[in-house]
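Here's the structure we're looking at; comments come further down.
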Amino acid sequence: MKITDIRLRKLTGTMEVDGPFMEERLVMPLDVYEEFRVQGPPAAGTQVDDSHYELNQVFVQIDTDEGVSGIAGPTMPGGTAFHVWQMKDFLIGRDPLATEFLWDIMHRKSVHGRQGEPMMAISLIDNALWDLKGKWFKQPVWKLIGGAGRGPMPAYASMLGYATQDLGLVKERALEMQSRGYKAQKWFFRHGPMSGAEGFKKNVAMVETIRETLGDDDDIMLDCWQSMDVNYVVKLAEAIEDLNPRWLEEVAMPDRIDSYRKIRESTNIPISGAEHEYTRWGFKRFIEAEAVDIIQPDLNWAGGLSEVMKISALATTFDLITICHQGVSPPGMAWSSAQSPIHTPYVEMLVKHAAMSYYFDANGGPNFSDGELSVSQNPGLGFDIDESKIESQTDINY
Ligand SMILES: [Mg+2]
């Protein structure tokens, strides 16, 4: 079997929504400058009117001379898609089942692209190859990587895009997720150090409201999204420690591993992070520095399924927990279901983002029921394009 084409399929479709889809954004590193510290949600799609939200997504499709194809994504039009396109001629004619070999030659070719968008492109290609491999052998990928078909896995509701400022709405949303069966929720801080004492109090009030709403038994995770500094996070951790957070996430920008370590040494709250880190060599820095308790590689960013299997294997040698960022993604589900539950106790369900990234799925999206996610039994990664949902499409060529 040989690869005959690598397509970048840009699909447009419109989700039906009930009011504004994205309610609020999280704190971001650029917020240290007032001009960027604006209110308002980020643009992951386009709110057309009160009940419609337009999506423009790019899927990587690898075709073969045997008629079997693999799909990965979505990504946005732009840098990552460009880097996929750059790999196209390099991969056409090669055996798509040789995933280790193909990863190695893509990595060795990318001497200036070991991280960021070039590695995100390698990740998508690798995931599409795994989907293809599963479809070729007519087996779900979790079975090919040695999973036993772990049953329903506890999901945590990741509240990116939900209101964080109106505490009445925070309470309402938290109760809504609890009623869907979630026993854990992750919320995102909206304010960083440059928002001063007022922002700090709002951050703490959000956590107090969530704990008060959910009661003592549910897990609450909190995400700083690499937008704070050491002193601020130490003070914040001190203020919320009694509220018993399950973990505090991305407490510093990814290259500031010493900051992670200092924060971890100062608090009893477990520290998670590294969703913006790449490859086994990147994660090794975090792991060896004892900078985190929980690592969160993203299957679509960190090097794909082939690489995240190596990263998580490395983490187990330090008895660390690995809970993949966007674990609900098709490769994230396959990977999660093949892990030991003690090393991967949760799967991240990004509630709004999963609705967007599974919009074009012909299989009806993730199998979610009563706070738990079950892996697809379909061959491959279990994601296929529903052609009837496509309003328009083009193949991107650079
Ligand atoms: Mg995060």
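Residues in the structure tokens are named by chain (A, B, ... in the order shown) and by number from 1 within that chain; ligands are numbered from 1 in the order shown.
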* To do: May I have the residues within 9 Å of ligand 1, computed using only C-alpha atoms and all ligand atoms, as an NGL selection string?
  => :A and (158 or 160 or 186 or 188 or 222-226 or 249-250 or 272-276 or 296 or 325-326)
* Please provide as a count of residues only all residues within 12 Å of A:Lys310, with the sequence filter that same-chain residues fewer than 4 positions apart are discarded (counting only C-alpha atoms). => 22
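Nearest residue to A:Ala72, choosing from A:Ile321, A:Met106, A:Val48, A:Leu132 and counting only C-alpha atoms: A:Leu132.
Excluding A:Glu290 itself and same-chain residues fewer than 4 positions from it, the residues having an atom within 9 Å of it are Tyr260, Arg261, Arg264, Arg285, Phe286 and Phe318 of chain A, counting only C-alpha atoms.
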* All residues 12 Å or closer to A:Ala98, only C-alpha atoms, same chain fewer than 6 positions away omitted, as a list in words ->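 Using only C-alpha atoms, the neighbours found are Met1, Lys2, Ile3, Leu91, Asp104, Ile105, Asp126, Leu129, Trp130, Leu132, Lys133 and Ser306 of chain A.
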Take the residues just selected and output them with N, CA and C atoms as a PDB file, in the first residue's frame.
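out_36.pdb, written as the output of this step:
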```pdb
ATOM      1  N   MET A   1       0.846  -1.203   0.000  1.00  0.00           N
ATOM      2  CA  MET A   1       0.000   0.000   0.000  1.00  0.00           C
ATOM      3  C   MET A   1       0.885   1.259   0.000  1.00  0.00           C
ATOM      4  N   LYS A   2       0.458   2.244  -0.769  1.00  0.00           N
ATOM      5  CA  LYS A   2       1.246   3.483  -0.866  1.00  0.00           C
ATOM      6  C   LYS A   2       0.357   4.715  -0.660  1.00  0.00           C
ATOM      7  N   ILE A   3       0.919   5.747  -0.064  1.00  0.00           N
ATOM      8  CA  ILE A   3       0.205   7.028   0.068  1.00  0.00           C
ATOM      9  C   ILE A   3       0.143   7.668  -1.318  1.00  0.00           C
ATOM     10  N   LEU A  91       5.969  12.525   1.536  1.00  0.00           N
ATOM     11  CA  LEU A  91       5.316  11.302   2.023  1.00  0.00           C
ATOM     12  C   LEU A  91       4.620  10.494   0.929  1.00  0.00           C
ATOM     13  N   ASP A 104       9.743   9.340  12.326  1.00  0.00           N
ATOM     14  CA  ASP A 104      11.180   9.634  12.455  1.00  0.00           C
ATOM     15  C   ASP A 104      11.686  10.479  11.283  1.00  0.00           C
ATOM     16  N   ILE A 105      11.252  10.149  10.079  1.00  0.00           N
ATOM     17  CA  ILE A 105      11.779  10.946   8.947  1.00  0.00           C
ATOM     18  C   ILE A 105      11.149  12.342   8.924  1.00  0.00           C
ATOM     19  N   ASP A 126       0.414  11.994  11.733  1.00  0.00           N
ATOM     20  CA  ASP A 126       0.548  10.740  12.484  1.00  0.00           C
ATOM     21  C   ASP A 126      -0.831  10.192  12.882  1.00  0.00           C
ATOM     22  N   LEU A 129      -2.578   8.760   9.949  1.00  0.00           N
ATOM     23  CA  LEU A 129      -1.989   7.455   9.601  1.00  0.00           C
ATOM     24  C   LEU A 129      -2.524   6.354  10.517  1.00  0.00           C
ATOM     25  N   TRP A 130      -2.713   6.681  11.808  1.00  0.00           N
ATOM     26  CA  TRP A 130      -3.272   5.685  12.742  1.00  0.00           C
ATOM     27  C   TRP A 130      -4.720   5.374  12.384  1.00  0.00           C
ATOM     28  N   LEU A 132      -5.989   5.541   9.457  1.00  0.00           N
ATOM     29  CA  LEU A 132      -5.877   4.739   8.227  1.00  0.00           C
ATOM     30  C   LEU A 132      -5.509   3.283   8.566  1.00  0.00           C
ATOM     31  N   LYS A 133      -4.561   3.137   9.482  1.00  0.00           N
ATOM     32  CA  LYS A 133      -4.104   1.795   9.871  1.00  0.00           C
ATOM     33  C   LYS A 133      -5.266   0.991  10.472  1.00  0.00           C
ATOM     34  N   SER A 306       1.599   8.341  18.115  1.00  0.00           N
ATOM     35  CA  SER A 306       2.883   7.619  18.240  1.00  0.00           C
ATOM     36  C   SER A 306       3.750   8.237  19.325  1.00  0.00           C
TER      37      SER A 306
END
```
* **Pick from A:Pro140, A:Pro193, A:Gly215, A:Gly327 nearest to A:Leu175, counting only C-alpha atoms** => A:Gly215
* **7 Å contact set for A:His52, only C-alpha atoms, chain neighbours under 6 positions out, as a PyMOL selection string** => chain A and resi 14-17
Write the selection just made, keeping N, CA, C and O atoms, as a PDB file, in the first residue's frame?
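Output (selection_11.pdb):
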```pdb
ATOM      1  N   THR A  14     -22.537  25.040   9.630  1.00  0.00           N
ATOM      2  CA  THR A  14     -23.130  25.926  10.626  1.00  0.00           C
ATOM      3  C   THR A  14     -23.821  25.122  11.728  1.00  0.00           C
ATOM      4  O   THR A  14     -24.735  24.356  11.456  1.00  0.00           O
ATOM      5  N   MET A  15     -23.349  25.335  12.943  1.00  0.00           N
ATOM      6  CA  MET A  15     -23.960  24.680  14.116  1.00  0.00           C
ATOM      7  C   MET A  15     -25.169  25.470  14.564  1.00  0.00           C
ATOM      8  O   MET A  15     -25.154  26.701  14.531  1.00  0.00           O
ATOM      9  N   GLU A  16     -26.167  24.759  15.015  1.00  0.00           N
ATOM     10  CA  GLU A  16     -27.286  25.462  15.646  1.00  0.00           C
ATOM     11  C   GLU A  16     -26.941  25.676  17.110  1.00  0.00           C
ATOM     12  O   GLU A  16     -26.475  24.760  17.788  1.00  0.00           O
ATOM     13  N   VAL A  17     -27.142  26.909  17.569  1.00  0.00           N
ATOM     14  CA  VAL A  17     -26.812  27.233  18.958  1.00  0.00           C
ATOM     15  C   VAL A  17     -27.985  27.971  19.593  1.00  0.00           C
ATOM     16  O   VAL A  17     -28.879  28.455  18.896  1.00  0.00           O
TER      17      VAL A  17
END
```
* In Å to one decimal, how far is atom CA of A:Asp258 from atom CA of A:Val347? -> 27.5 Å
* To do: Using DSSP on the backbone coordinates, identify the residues of stretch 15-251 of chain A assigned to helix (DSSP H, G or I); present them as a PyMOL selection string.
  => chain A and resi 29-32+34-36+79-91+99-109+116-137+141-144+167-179+193-214+230-243
* Structure fact -> One decimal place gives the atom CA of A:Leu350-atom CA of A:Val328 separation as 7.3 Å
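Separating atom CA of A:Met333 from atom CA of A:Val375 is a distance of 5.7 Å.
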* Asked: What lies within 9 Å of A:Arg7 using only C-alpha atoms, ignoring chain neighbours under 4 positions off, as a ChimeraX atom specification?
  -> /A:59-63,84-85,88,395-397
Kindly export the residues of the current selection with C-alpha atoms, as an mmCIF file, in the first residue's frame.
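Generated output (selection36.cif):
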```cif
data_model
loop_
_atom_site.group_PDB
_atom_site.id
_atom_site.type_symbol
_atom_site.label_atom_id
_atom_site.label_comp_id
_atom_site.auth_asym_id
_atom_site.auth_seq_id
_atom_site.Cartn_x
_atom_site.Cartn_y
_atom_site.Cartn_z
ATOM 1 C CA PHE A 59 -9.158 18.128 8.140
ATOM 2 C CA VAL A 60 -6.092 16.195 7.014
ATOM 3 C CA GLN A 61 -7.032 13.274 4.778
ATOM 4 C CA ILE A 62 -4.435 10.732 3.673
ATOM 5 C CA ASP A 63 -5.438 8.649 0.642
ATOM 6 C CA VAL A 84 1.117 19.582 6.566
ATOM 7 C CA TRP A 85 1.130 20.681 2.933
ATOM 8 C CA LYS A 88 2.996 16.163 1.143
ATOM 9 C CA ASP A 395 -8.912 21.693 -0.821
ATOM 10 C CA ILE A 396 -6.222 24.050 0.440
ATOM 11 C CA ASN A 397 -3.034 24.263 -1.625
#
```
Using 10 Å as the limit and counting only C-alpha atoms, can you tabulate each residue of stretch 19-107 of chain A that touches stretch 195-204 of chain A, with its shortest atom-to-atom distance in Å and the two atoms involved, as CSV?
```
residue,atom,partner,partner_atom,distance
A:Asp31,CA,A:Ser195,CA,8.7
A:Val32,CA,A:Ser195,CA,8.3
A:Glu34,CA,A:Ser195,CA,9.1
A:Arg37,CA,A:Ser195,CA,8.8
```
I need the chosen residues saved as a short mmCIF file (atom, residue, chain, number, x, y, z; two decimals), in the first residue's frame, with N, CA, C and O atoms.
```
data_model
loop_
_atom_site.label_atom_id
_atom_site.label_comp_id
_atom_site.auth_asym_id
_atom_site.auth_seq_id
_atom_site.Cartn_x
_atom_site.Cartn_y
_atom_site.Cartn_z
N ASP A 31 -2.42 39.44 28.10
CA ASP A 31 -3.20 40.33 28.96
C ASP A 31 -2.34 41.22 29.86
O ASP A 31 -2.86 42.10 30.53
N VAL A 32 -1.03 40.98 29.89
CA VAL A 32 -0.19 41.89 30.67
C VAL A 32 -0.21 43.29 30.07
O VAL A 32 0.08 44.27 30.74
N GLU A 34 -2.46 46.31 28.52
CA GLU A 34 -3.86 46.73 28.64
C GLU A 34 -4.60 46.65 27.31
O GLU A 34 -5.77 46.28 27.26
N ARG A 37 -6.15 43.39 26.92
CA ARG A 37 -6.93 42.87 28.05
C ARG A 37 -8.41 43.19 27.85
O ARG A 37 -9.08 43.66 28.75
#
```
